[in-house]
>>> print(open('structure_7.tsv').read())   # TSV, C-alpha atoms
chain	number	residue	atom	x	y	z
Q	1070	MET	CA	0.00	0.00	0.00
Q	1071	THR	CA	1.36	3.43	-0.92
Q	1072	ASP	CA	1.64	6.33	1.50
Q	1073	GLU	CA	-1.15	8.20	-0.28
Q	1074	GLN	CA	-3.55	5.28	0.03
Q	1075	SER	CA	-2.70	4.70	3.66
Q	1076	LEU	CA	-3.43	8.32	4.58
Q	1077	GLU	CA	-7.10	8.05	3.58
Q	1078	GLY	CA	-9.14	7.95	6.81
Q	1079	TRP	CA	-6.08	8.66	8.93
Q	1080	ILE	CA	-6.59	10.49	12.21
Q	1081	PRO	CA	-3.12	11.36	13.50
Q	1082	GLY	CA	-2.48	10.74	17.17
Q	1083	PRO	CA	-1.28	13.40	19.60
Q	1084	ASP	CA	2.27	12.00	19.46
Q	1085	ILE	CA	2.75	13.36	15.92
Q	1086	ALA	CA	3.85	16.97	15.65
Q	1087	LEU	CA	1.31	19.30	14.05
Q	1088	ALA	CA	3.89	20.60	11.59
Q	1089	ASP	CA	4.46	17.03	10.32
Q	1090	VAL	CA	0.73	16.41	9.98
Q	1091	ILE	CA	0.38	19.64	8.02
Q	1092	GLU	CA	3.11	18.53	5.61
Q	1093	ARG	CA	1.27	15.25	5.01
Q	1094	ALA	CA	-2.02	17.12	4.56
Q	1095	PHE	CA	-0.34	19.45	2.04
Q	1096	ASP	CA	0.79	16.45	-0.02
Q	1097	TYR	CA	-2.56	14.66	0.31
Q	1098	ARG	CA	-4.76	14.72	-2.82
Q	1099	GLY	CA	-8.11	14.49	-1.03
Q	1100	ASN	CA	-10.00	16.75	1.38
Q	1101	VAL	CA	-9.09	17.00	5.04
Q	1102	THR	CA	-10.93	18.20	8.13
Q	1103	VAL	CA	-9.15	20.88	10.12
Q	1104	VAL	CA	-10.23	21.10	13.76
Q	1105	ARG	CA	-9.62	24.57	15.15
Q	1106	ASP	CA	-8.80	25.44	18.75
Q	1107	ASP	CA	-12.35	26.74	19.25
Q	1108	ASP	CA	-13.70	23.28	18.25
Q	1109	THR	CA	-15.05	24.44	14.90
Q	1110	GLU	CA	-14.19	22.29	11.91
Q	1111	LEU	CA	-13.43	23.14	8.30
Q	1112	VAL	CA	-13.63	20.46	5.61
Q	1113	GLY	CA	-11.79	21.20	2.39
Q	1114	TYR	CA	-8.67	20.97	0.29
Q	1115	LEU	CA	-5.48	22.11	1.97
Q	1116	PHE	CA	-3.42	23.47	-0.91
Q	1117	ASN	CA	-0.78	25.63	0.71
Q	1118	ARG	CA	1.21	26.09	3.88
Q	1119	ASP	CA	4.09	28.32	4.88
Q	1120	ALA	CA	6.11	27.41	7.95
Q	1121	ARG	CA	8.89	29.90	7.24
Q	1122	THR	CA	6.99	33.04	8.14
Q	1123	THR	CA	6.76	34.55	11.63
Q	1124	GLU	CA	3.15	33.36	11.81
Q	1125	PRO	CA	2.99	30.02	9.96
Q	1126	PHE	CA	-0.31	29.33	8.21
Q	1127	VAL	CA	-2.21	26.90	6.01
Q	1128	GLN	CA	-4.58	27.82	3.18
Q	1129	MET	CA	-7.67	25.87	2.12
Q	1130	PHE	CA	-10.66	25.90	-0.19
Q	1131	ASP	CA	-13.76	24.60	1.55
Q	1132	GLY	CA	-16.03	21.91	0.16
Q	1133	ALA	CA	-18.07	24.48	-1.78
Q	1134	GLY	CA	-14.94	25.93	-3.40
Q	1135	ASN	CA	-14.84	29.07	-1.28
Q	1136	GLY	CA	-11.43	30.41	-0.44
Q	1137	PRO	CA	-8.61	30.74	0.00
Q	1138	ILE	CA	-9.23	30.47	3.73
Q	1139	THR	CA	-6.11	31.13	5.80
Q	1140	ILE	CA	-5.69	29.46	9.20
Q	1141	PRO	CA	-2.65	30.05	11.41
Q	1142	TYR	CA	-0.85	26.97	12.67
Q	1143	ALA	CA	-1.47	28.32	16.17
Q	1144	ALA	CA	-5.24	28.02	15.68
Q	1145	ILE	CA	-5.18	24.37	14.58
Q	1146	ARG	CA	-5.77	21.58	17.10
Q	1147	ALA	CA	-5.89	18.61	14.74
Q	1148	ILE	CA	-6.20	17.54	11.11
Q	1149	LYS	CA	-8.09	14.44	9.97
Q	1150	PHE	CA	-7.68	12.86	6.54
Q	1151	THR	CA	-11.40	12.44	5.95
Q	1152	GLY	CA	-11.74	12.85	2.18
Q	1153	ARG	CA	-11.35	10.20	-0.48
Q	1154	ASN	CA	-7.96	10.23	-2.16
Q	1155	PRO	CA	-8.70	10.50	-5.90
Q	1156	ALA	CA	-5.09	9.61	-6.76
Q	1157	ALA	CA	-5.16	6.24	-5.01
Q	1158	GLY	CA	-4.78	3.32	-7.38
Q	1159	ASN	CA	-3.87	5.47	-10.39
Q	1160	SER	CA	-0.14	4.84	-10.37
Q	1161	TYR	CA	1.75	3.28	-13.26
Q	1162	ALA	CA	2.48	0.22	-11.10
Q	1163	ALA	CA	-1.22	-0.21	-10.32
Q	1164	TRP	CA	-2.04	-0.04	-14.05
Q	1165	LEU	CA	0.55	-2.67	-14.86
Q	1166	ASP	CA	-0.97	-4.92	-12.17
Q	1167	ARG	CA	-4.46	-4.43	-13.61
Q	1168	LYS	CA	-3.18	-5.06	-17.13
Q	1169	ALA	CA	-1.48	-8.29	-16.07
Q	1170	ALA	CA	-4.60	-9.44	-14.23
Q	1171	ALA	CA	-6.83	-8.61	-17.20
Q	1172	LYS	CA	-4.50	-10.41	-19.60
Q	1173	ALA	CA	-4.55	-13.49	-17.37
Q	1174	GLN	CA	-8.35	-13.45	-17.68
Q	1175	GLY	CA	-8.25	-13.06	-21.44
Q	1176	ASP	CA	-9.07	-9.32	-21.64
Q	1177	PRO	CA	-6.05	-7.32	-22.86
Q	1178	THR	CA	-7.63	-3.86	-22.42
Q	1179	PRO	CA	-8.09	-2.88	-18.77
Q	1180	GLN	CA	-9.38	0.63	-18.13
Q	1181	ARG	CA	-8.57	2.92	-15.24
V	429	MET	CA	-12.42	19.51	-17.78
V	430	TYR	CA	-12.80	23.18	-16.90
V	431	PRO	CA	-16.41	23.91	-17.97
V	432	ASP	CA	-15.67	27.41	-19.31
V	433	ILE	CA	-12.55	26.49	-21.26
V	434	GLY	CA	-14.07	27.71	-24.55
V	435	ARG	CA	-14.97	31.12	-23.16
V	436	LEU	CA	-11.64	31.45	-21.34
V	437	VAL	CA	-9.71	30.78	-24.54
V	438	ALA	CA	-11.95	33.11	-26.59
V	439	GLU	CA	-11.40	35.97	-24.14
V	440	LEU	CA	-7.63	35.49	-24.16
V	441	VAL	CA	-7.55	35.33	-27.95
V	442	LYS	CA	-9.68	38.48	-28.09
V	443	ARG	CA	-6.90	40.18	-26.11
V	444	LYS	CA	-4.36	38.89	-28.67
V	445	LYS	CA	-2.67	36.58	-26.18
V	446	TYR	CA	-1.01	33.46	-27.57
V	447	VAL	CA	-2.67	30.44	-25.95
V	448	TYR	CA	-1.45	26.85	-25.92
V	449	VAL	CA	-4.23	24.59	-24.67
V	450	CYS	CA	-2.49	21.50	-23.31
V	451	THR	CA	-4.71	18.45	-23.62
V	452	ASN	CA	-4.69	14.65	-23.71
V	453	ALA	CA	-7.23	15.14	-26.54
V	454	ILE	CA	-9.66	12.58	-25.15
V	455	LEU	CA	-12.49	15.12	-25.25
V	456	LEU	CA	-11.04	17.37	-27.94
V	457	LYS	CA	-13.03	16.04	-30.88
V	458	GLU	CA	-16.26	16.30	-28.92
V	459	LYS	CA	-15.47	19.92	-27.97
V	460	LEU	CA	-14.57	20.82	-31.56
V	461	GLU	CA	-17.82	19.33	-32.83
V	462	ALA	CA	-19.68	21.34	-30.20
V	463	GLY	CA	-18.04	24.55	-31.47
V	464	ALA	CA	-16.24	25.31	-28.22
V	465	PHE	CA	-13.24	26.80	-30.06
V	466	THR	CA	-12.64	28.97	-33.12
V	467	PRO	CA	-9.44	28.71	-35.17
V	468	SER	CA	-7.03	31.59	-34.66
V	469	LYS	CA	-3.33	32.26	-35.09
V	470	TYR	CA	-3.31	32.97	-31.34
V	471	LEU	CA	-4.64	29.51	-30.43
V	472	SER	CA	-2.74	26.21	-30.57
V	473	PHE	CA	-3.63	22.86	-29.11
V	474	SER	CA	-0.67	21.13	-27.52
V	475	VAL	CA	-1.59	17.47	-27.48
V	476	HIS	CA	0.12	15.21	-25.00
V	477	MET	CA	1.59	12.32	-27.02
V	478	ASP	CA	4.30	10.18	-25.48
V	479	GLY	CA	5.15	8.14	-28.54
V	480	VAL	CA	3.72	5.53	-30.89
V	481	ARG	CA	0.44	3.80	-30.02
V	482	GLU	CA	1.83	1.10	-27.73
V	483	ASP	CA	4.23	3.45	-25.92
V	484	HIS	CA	1.72	6.27	-25.48
V	485	ASP	CA	-1.05	4.05	-24.14
V	486	GLU	CA	1.35	2.53	-21.65
V	487	ALA	CA	2.66	5.95	-20.58
V	488	VAL	CA	-0.84	7.23	-19.85
V	489	CYS	CA	-1.96	3.88	-18.36
V	490	ARG	CA	-4.97	3.56	-20.66
V	491	ASP	CA	-5.48	1.63	-23.87
V	492	GLY	CA	-6.98	3.41	-26.85
V	493	VAL	CA	-5.88	6.96	-25.95
V	494	TYR	CA	-3.36	7.20	-28.80
V	495	ASP	CA	-6.03	6.45	-31.39
V	496	GLN	CA	-8.42	8.94	-29.79
V	497	ALA	CA	-5.74	11.63	-29.82
V	498	VAL	CA	-4.76	10.97	-33.44
V	499	ASP	CA	-8.40	11.16	-34.45
V	500	ALA	CA	-8.78	14.48	-32.62
V	501	ILE	CA	-5.57	15.91	-34.13
V	502	ARG	CA	-6.74	14.99	-37.61
V	503	ASP	CA	-10.09	16.66	-36.97
V	504	ALA	CA	-8.51	19.79	-35.48
V	505	VAL	CA	-6.10	20.19	-38.41
V	506	ARG	CA	-8.97	19.68	-40.88
V	507	ARG	CA	-10.91	22.46	-39.15
V	508	GLY	CA	-7.98	24.85	-39.48
V	509	PHE	CA	-6.62	24.80	-35.93
V	510	ARG	CA	-2.95	24.99	-35.08
V	511	VAL	CA	-1.83	21.75	-33.44
V	512	THR	CA	1.41	20.91	-31.68
V	513	THR	CA	2.42	17.95	-29.52
V	514	ASN	CA	4.30	17.54	-26.26
V	515	SER	CA	6.09	14.31	-25.37
V	516	THR	CA	7.58	13.25	-22.05
V	517	LEU	CA	10.08	10.41	-22.24
V	518	PHE	CA	10.91	7.98	-19.47
V	519	ASP	CA	13.46	5.23	-19.09
V	520	GLY	CA	12.79	2.45	-21.57
V	521	ALA	CA	11.71	4.88	-24.30
V	522	ASN	CA	12.73	3.46	-27.65
V	523	PRO	CA	14.57	6.04	-29.81
V	524	LEU	CA	13.62	4.27	-33.03
V	525	HIS	CA	9.96	4.26	-32.02
V	526	MET	CA	10.27	7.96	-31.34
V	527	ARG	CA	11.67	8.60	-34.81
V	528	GLU	CA	8.65	6.75	-36.23
V	529	PHE	CA	6.46	8.85	-33.97
V	530	PHE	CA	7.97	12.12	-35.28
V	531	ASP	CA	7.22	10.99	-38.84
V	532	ALA	CA	3.66	10.08	-37.86
V	533	MET	CA	3.01	13.48	-36.27
V	534	MET	CA	4.38	15.32	-39.28
V	535	ASP	CA	2.15	13.20	-41.55
V	536	LEU	CA	-0.83	14.29	-39.46
V	537	GLY	CA	-0.08	17.94	-40.12
V	538	VAL	CA	1.21	18.81	-36.66
V	539	GLU	CA	2.89	22.22	-36.73
V	540	GLY	CA	5.63	21.49	-34.21
V	541	MET	CA	6.66	18.99	-31.54
V	542	MET	CA	8.09	19.36	-28.04
V	543	VAL	CA	10.07	16.65	-26.28
V	544	SER	CA	11.43	16.51	-22.77
V	545	PRO	CA	12.71	13.88	-20.37
V	546	GLY	CA	10.40	13.07	-17.47
V	547	TYR	CA	11.19	14.64	-14.15
V	548	SER	CA	13.61	12.58	-12.13
V	549	TYR	CA	13.66	12.87	-8.38
V	550	ALA	CA	15.83	10.80	-6.07
V	551	LYS	CA	12.98	10.05	-3.64
V	552	ALA	CA	10.19	9.53	-6.16
V	553	PRO	CA	8.46	6.17	-5.65
V	554	ASP	CA	8.66	5.10	-9.30
V	555	GLN	CA	12.47	5.29	-9.51
V	556	GLU	CA	13.09	2.74	-12.21
V	557	HIS	CA	11.22	4.70	-14.88
V	558	PHE	CA	12.89	8.06	-14.44
V	559	LEU	CA	15.80	8.96	-16.65
V	560	ARG	CA	19.13	9.79	-15.12
V	561	ARG	CA	21.17	12.50	-16.78
V	562	GLN	CA	23.55	10.20	-18.65
V	563	ARG	CA	20.72	7.96	-19.86
V	564	SER	CA	18.84	11.06	-21.04
V	565	HIS	CA	21.82	12.18	-23.09
V	566	GLU	CA	22.14	8.73	-24.69
V	567	LEU	CA	18.45	8.53	-25.52
V	568	PHE	CA	18.21	12.00	-27.02
V	569	ARG	CA	21.48	11.63	-28.95
V	570	THR	CA	20.26	8.41	-30.56
V	571	MET	CA	16.81	9.83	-31.19
V	572	LEU	CA	17.86	13.18	-32.64
V	573	GLN	CA	21.08	12.39	-34.49
V	574	ASN	CA	20.58	12.92	-38.22
V	575	ALA	CA	17.24	14.52	-37.44
V	576	LYS	CA	15.07	14.63	-40.54
V	577	LYS	CA	14.54	18.08	-41.98
V	578	ARG	CA	10.78	17.50	-42.05
V	579	TRP	CA	10.67	17.14	-38.25
V	580	LYS	CA	9.60	20.47	-36.83
V	581	PHE	CA	10.34	21.02	-33.17
V	582	ASN	CA	8.51	23.75	-31.39
V	583	GLN	CA	11.39	24.51	-29.04
V	584	SER	CA	14.85	25.96	-28.80
V	585	PRO	CA	17.47	23.97	-30.76
V	586	LEU	CA	19.93	24.70	-27.96
V	587	PHE	CA	17.63	22.96	-25.49
V	588	LEU	CA	17.60	19.92	-27.77
V	589	GLN	CA	21.41	20.08	-27.87
V	590	PHE	CA	21.39	20.27	-24.07
V	591	LEU	CA	19.32	17.08	-23.95
V	592	MET	CA	21.86	15.46	-26.28
V	593	GLY	CA	24.72	16.48	-23.99
V	594	LYS	CA	26.12	19.09	-26.36
V	595	GLN	CA	25.34	22.13	-24.20
V	596	GLU	CA	25.80	22.66	-20.46
V	597	PHE	CA	23.07	24.72	-18.81
V	598	GLU	CA	21.83	25.49	-15.30
V	599	CYS	CA	18.14	25.61	-14.46
V	600	THR	CA	16.08	28.81	-14.56
V	601	PRO	CA	13.21	27.70	-12.29
V	602	TRP	CA	11.25	30.94	-12.71
V	603	GLY	CA	11.61	30.82	-16.50
V	604	ASN	CA	8.20	29.23	-17.09
V	605	PRO	CA	6.17	30.10	-13.99
V	606	THR	CA	3.06	28.10	-13.13
V	607	PHE	CA	-0.06	30.01	-12.10
V	608	ASN	CA	-3.29	28.23	-11.21
V	609	LEU	CA	-6.32	28.53	-8.92
V	610	PHE	CA	-4.03	28.22	-5.90
V	611	GLY	CA	-1.65	30.99	-6.94
V	612	TRP	CA	1.95	31.09	-8.22
V	613	GLN	CA	3.57	27.71	-7.65
V	614	ARG	CA	6.93	27.56	-5.86
V	615	PRO	CA	9.56	27.07	-7.07
V	616	CYS	CA	8.69	25.63	-10.49
V	617	TYR	CA	6.28	23.56	-12.55
V	618	LEU	CA	7.63	20.29	-11.16
V	619	LEU	CA	8.39	20.88	-7.52
V	620	GLN	CA	5.22	21.77	-5.72
V	621	GLU	CA	6.37	23.35	-2.50
V	622	GLY	CA	3.58	25.85	-1.94
V	623	TYR	CA	2.13	28.97	-3.50
V	624	ALA	CA	2.69	32.71	-3.53
V	625	ALA	CA	-0.27	35.06	-3.87
V	626	THR	CA	1.44	37.31	-6.42
V	627	PHE	CA	4.23	37.03	-8.99
V	628	GLU	CA	6.18	39.64	-7.07
V	629	GLU	CA	5.90	37.55	-3.89
V	630	LEU	CA	6.99	34.45	-5.81
V	631	MET	CA	10.10	36.18	-7.13
V	632	GLU	CA	11.07	37.95	-3.92
V	633	THR	CA	10.35	35.33	-1.26
V	634	THR	CA	11.33	32.05	-2.95
V	635	PRO	CA	14.85	30.96	-1.89
V	636	TRP	CA	16.05	30.42	-5.48
V	637	GLU	CA	19.57	29.58	-4.35
V	638	LYS	CA	18.20	26.29	-3.02
V	639	TYR	CA	17.14	25.10	-6.47
V	640	GLY	CA	18.88	24.05	-9.66
V	641	ARG	CA	21.61	21.49	-10.10
V	642	ALA	CA	24.39	23.71	-8.73
V	643	SER	CA	22.51	24.10	-5.46
V	644	GLY	CA	23.04	20.43	-4.62
V	645	ASN	CA	19.30	20.00	-4.01
V	646	GLU	CA	18.70	16.29	-4.61
V	647	LYS	CA	15.29	17.04	-6.12
V	648	CYS	CA	17.04	19.00	-8.86
V	649	ARG	CA	20.04	16.72	-9.38
V	650	ASP	CA	18.85	14.79	-12.44
V	651	CYS	CA	16.18	17.15	-13.69
V	652	MET	CA	16.54	18.24	-17.33
V	653	VAL	CA	12.97	19.30	-17.93
V	654	HIS	CA	12.14	22.04	-20.39
V	655	SER	CA	10.26	24.22	-17.90
V	656	GLY	CA	13.57	25.20	-16.32
V	657	TYR	CA	16.19	24.46	-18.95
V	658	GLU	CA	14.53	25.72	-22.10
V	659	ALA	CA	14.31	29.16	-20.52
V	660	THR	CA	18.05	29.01	-19.95
V	661	ALA	CA	18.62	27.92	-23.56
V	662	VAL	CA	16.55	30.83	-24.90
V	663	ASN	CA	18.35	33.27	-22.63
V	664	HIS	CA	21.68	31.87	-23.85
V	665	THR	CA	20.62	32.56	-27.45
V	666	PHE	CA	19.92	36.21	-26.78
V	667	SER	CA	22.55	36.98	-24.18
V	668	SER	CA	25.73	35.70	-25.85
V	669	LEU	CA	27.28	35.78	-29.29
V	670	ARG	CA	28.12	32.09	-29.05
V	671	GLY	CA	24.55	31.20	-28.12
V	672	PHE	CA	23.18	33.29	-30.98
V	673	ARG	CA	25.65	31.77	-33.44
V	674	ASP	CA	24.83	28.19	-32.33
V	675	THR	CA	21.12	28.88	-32.65
V	676	VAL	CA	21.48	30.34	-36.13
V	677	VAL	CA	23.67	27.44	-37.30
V	678	THR	CA	21.31	24.74	-36.02
V	679	THR	CA	18.25	26.55	-37.35
V	680	VAL	CA	19.71	27.11	-40.83
V	681	THR	CA	21.38	23.70	-41.24
V	682	GLY	CA	18.80	21.67	-39.32
V	683	ARG	CA	21.71	19.79	-37.71
V	684	LEU	CA	21.54	19.45	-33.95
>>> encode(input="structure_7.tsv", output="structure tokens")
Amino acid sequence: MTDEQSLEGWIPGPDIALADVIERAFDYRGNVTVVRDDDTELVGYLFNRDARTTEPFVQMFDGAGNGPITIPYAAIRAIKFTGRNPAAGNSYAAWLDRKAAAKAQGDPTPQR
Amino acid sequence: MYPDIGRLVAELVKRKKYVYVCTNAILLKEKLEAGAFTPSKYLSFSVHMDGVREDHDEAVCRDGVYDQAVDAIRDAVRRGFRVTTNSTLFDGANPLHMREFFDAMMDLGVEGMMVSPGYSYAKAPDQEHFLRRQRSHELFRTMLQNAKKRWKFNQSPLFLQFLMGKQEFECTPWGNPTFNLFGWQRPCYLLQEGYAATFEELMETTPWEKYGRASGNEKCRDCMVHSGYEATAVNHTFSSLRGFRDTVVTTVTGRL
């Protein structure tokens, strides 16, 4: 299983540093749920983060496409990987596996 | 597909901006039949084609895409559109197949072709299919030696010489900046390390010294992709007598 597939549904434990979770969320291709310090939640696509500034932040578009919404690292309590990962299973290796399986069953033209 | 692509292109063309619509061409024929686009000297389709039928379908992990794309190219050319191709080559690419592919694209009426090695990154999961620098040179030398005069490449001849190992260039990561819904991508088209809200912010706050081969950044070590190196090749043409001379010689003689 690839890293991207394994992240789907992941709820990081408190032992993992927030900055590390944010990096994983930034690389993740699906939506995430950001839980703020005031207990409110924002579901959306986390497309940017900047940890080099004096006030590190993430940026998201919410599920309706509104944004960018900027949230400081300091206001984030947790991030959950709640959205489906659309990239899962689309790798070249996965296609070769499907092609080999289809060929074994007599169908040489597997689709995505 | 972006639902307003037709209107977006029309508005850009109206402003006399040159537009290259990059597409896998799967939906191109359908869009042309629906009248989504109007031929113009400002509009070119750049169709993603990674080689002959077998090689292209494998590269895009889907059977039948090559034939769909060829059908769409033929239709676009017939309707009077400008059509170019872009090809990304990975390890295992067959130079003789590629020479056949260049002939096939010229036969279709394609105006110009672009080729580039795939991006190679030391920590990428699919290591075996990325080209290392030496392998890239070998592939492009074999593929482009005695290039036929009828092959039209829509790119700098010095970049092609760089791919063949005949020119030594450093990357210009800001040379072909990527802007999308998220903003200006740092630092380049290939490395996605975040976004800047404005072009000025991109240029002034990206630590450029950390990118390019000379920086020692392992992500850049084997990269020879056109988004960074073609900009350098073009700059070399217009910033040095030697670069200008080399460009003129290769353009006039057709010899790379």
>>> interface_residues(input="structure_7.tsv", of="chain V", to="chain Q", cutoff="7 Å", atoms="all atoms listed in the file", output="ChimeraX atom specification")
/V:489-491,610,622-623
>>> closest_residue(input="structure_7.tsv", among="Q:Ala1156, Q:Val1112, Q:Ala1147, Q:Ala1088", to="Phe1126 of chain Q", atoms="all atoms listed in the file")
Q:Ala1088
>>> residues_around(input="structure_7.tsv", residues="segment 650-655 of chain V", least_positions_apart="5", cutoff="6 Å", atoms="all atoms listed in the file", output="PyMOL selection string")
chain V and resi 544-545+547-548+560-561+604
>>> atom_distance(input="structure_7.tsv", atom1="atom CA of Gly434 of chain V", atom2="atom CA of Phe465 of chain V")
5.6 Å
>>> residues_around(input="structure_7.tsv", residues="Ala1144 of chain Q", least_positions_apart="5", cutoff="9 Å", atoms="only C-alpha atoms", output="VMD selection string")
chain Q and resid 1104 to 1107
>>> residues_around(input="structure_7.tsv", residues="Phe672 of chain V", least_positions_apart="4", cutoff="12 Å", atoms="all atoms listed in the file", output="list in words")
Ser584, Pro585, Leu586, Ala661, Val662, Asn663, His664, Thr665, Phe666, Ser667, Ser668, Val676, Val677, Thr678 and Thr679 of chain V
>>> atom_distance(input="structure_7.tsv", atom1="atom CA of Thr451 of chain V", atom2="atom CA of Gly611 of chain V")
21.1 Å
>>> atom_distance(input="structure_7.tsv", atom1="atom CA of Ile454 of chain V", atom2="atom CA of Val480 of chain V")
16.2 Å
>>> residues_around(input="structure_7.tsv", residues="Ala1086 of chain Q", least_positions_apart="2", cutoff="12 Å", atoms="all atoms listed in the file", output="list in words")
Pro1081, Gly1082, Pro1083, Asp1084, Ala1088, Asp1089, Val1090, Ile1091, Glu1092, Arg1093, Tyr1142, Ile1145, Arg1146, Ala1147 and Ile1148 of chain Q
>>> write_last_selection(input="structure_7.tsv", atoms="C-alpha atoms", output="mmCIF file, keeping the file's coordinate frame")
data_model
loop_
_atom_site.group_PDB
_atom_site.id
_atom_site.type_symbol
_atom_site.label_atom_id
_atom_site.label_comp_id
_atom_site.auth_asym_id
_atom_site.auth_seq_id
_atom_site.Cartn_x
_atom_site.Cartn_y
_atom_site.Cartn_z
ATOM 1 C CA PRO Q 1081 -3.120 11.360 13.500
ATOM 2 C CA GLY Q 1082 -2.480 10.740 17.170
ATOM 3 C CA PRO Q 1083 -1.280 13.400 19.600
ATOM 4 C CA ASP Q 1084 2.270 12.000 19.460
ATOM 5 C CA ALA Q 1088 3.890 20.600 11.590
ATOM 6 C CA ASP Q 1089 4.460 17.030 10.320
ATOM 7 C CA VAL Q 1090 0.730 16.410 9.980
ATOM 8 C CA ILE Q 1091 0.380 19.640 8.020
ATOM 9 C CA GLU Q 1092 3.110 18.530 5.610
ATOM 10 C CA ARG Q 1093 1.270 15.250 5.010
ATOM 11 C CA TYR Q 1142 -0.850 26.970 12.670
ATOM 12 C CA ILE Q 1145 -5.180 24.370 14.580
ATOM 13 C CA ARG Q 1146 -5.770 21.580 17.100
ATOM 14 C CA ALA Q 1147 -5.890 18.610 14.740
ATOM 15 C CA ILE Q 1148 -6.200 17.540 11.110
#
>>> closest_residue(input="structure_7.tsv", among="V:Leu471, V:Asp503, V:Met542, V:Gln573", to="Leu436 of chain V", atoms="all atoms listed in the file")
V:Leu471
>>> axis_aligned_box(input="structure_7.tsv", around="segment 477-493 of chain V", padding_each_side="8 Å", output="AutoDock Vina command-line options")
--center_x -0.9 --center_y 6.7 --center_z -24.6 --size_x 28.1 --size_y 27.2 --size_z 28.5
>>> residues_around(input="structure_7.tsv", residues="Thr570 of chain V", least_positions_apart="6", cutoff="12 Å", atoms="all atoms listed in the file", output="PyMOL selection string")
chain V and resi 521-527+563-564+591-593+684
>>> residues_near_point(input="structure_7.tsv", point="(-11.6, 10.1, 6.7)", cutoff="6 Å", atoms="all atoms listed in the file", output="list in words")
Glu1077, Gly1078, Phe1150, Thr1151 and Gly1152 of chain Q
>>> build_atoms(input="structure_7.tsv", residues="segment 531-544 of chain V", atoms="N, CA and C atoms", output="compact mmCIF listing (two decimals), keeping the file's coordinate frame")
# COMPACT_ATOMS: atom_id res chain seq x y z
N ASP V 531 7.74 11.08 -37.47
CA ASP V 531 7.22 10.99 -38.84
C ASP V 531 5.69 11.00 -38.83
N ALA V 532 5.12 10.20 -37.91
CA ALA V 532 3.66 10.08 -37.86
C ALA V 532 3.00 11.42 -37.54
N MET V 533 3.60 12.18 -36.64
CA MET V 533 3.01 13.48 -36.27
C MET V 533 3.11 14.47 -37.43
N MET V 534 4.24 14.43 -38.12
CA MET V 534 4.38 15.32 -39.28
C MET V 534 3.36 14.95 -40.36
N ASP V 535 3.15 13.65 -40.55
CA ASP V 535 2.15 13.20 -41.55
C ASP V 535 0.75 13.69 -41.20
N LEU V 536 0.49 13.83 -39.90
CA LEU V 536 -0.83 14.29 -39.46
C LEU V 536 -1.05 15.79 -39.67
N GLY V 537 0.04 16.50 -39.93
CA GLY V 537 -0.08 17.94 -40.12
C GLY V 537 0.18 18.74 -38.85
N VAL V 538 0.85 18.10 -37.89
CA VAL V 538 1.21 18.81 -36.66
C VAL V 538 2.24 19.89 -36.99
N GLU V 539 2.04 21.06 -36.40
CA GLU V 539 2.89 22.22 -36.73
C GLU V 539 4.27 22.13 -36.10
N GLY V 540 4.36 21.59 -34.90
CA GLY V 540 5.63 21.49 -34.21
C GLY V 540 5.53 20.53 -33.04
N MET V 541 6.67 19.97 -32.64
CA MET V 541 6.66 18.99 -31.54
C MET V 541 7.58 19.47 -30.42
N MET V 542 7.22 19.09 -29.20
CA MET V 542 8.09 19.36 -28.04
C MET V 542 8.42 18.03 -27.39
N VAL V 543 9.67 17.86 -27.00
CA VAL V 543 10.07 16.65 -26.28
C VAL V 543 10.84 17.06 -25.02
N SER V 544 10.71 16.24 -24.00
CA SER V 544 11.43 16.51 -22.77
C SER V 544 11.55 15.22 -21.98
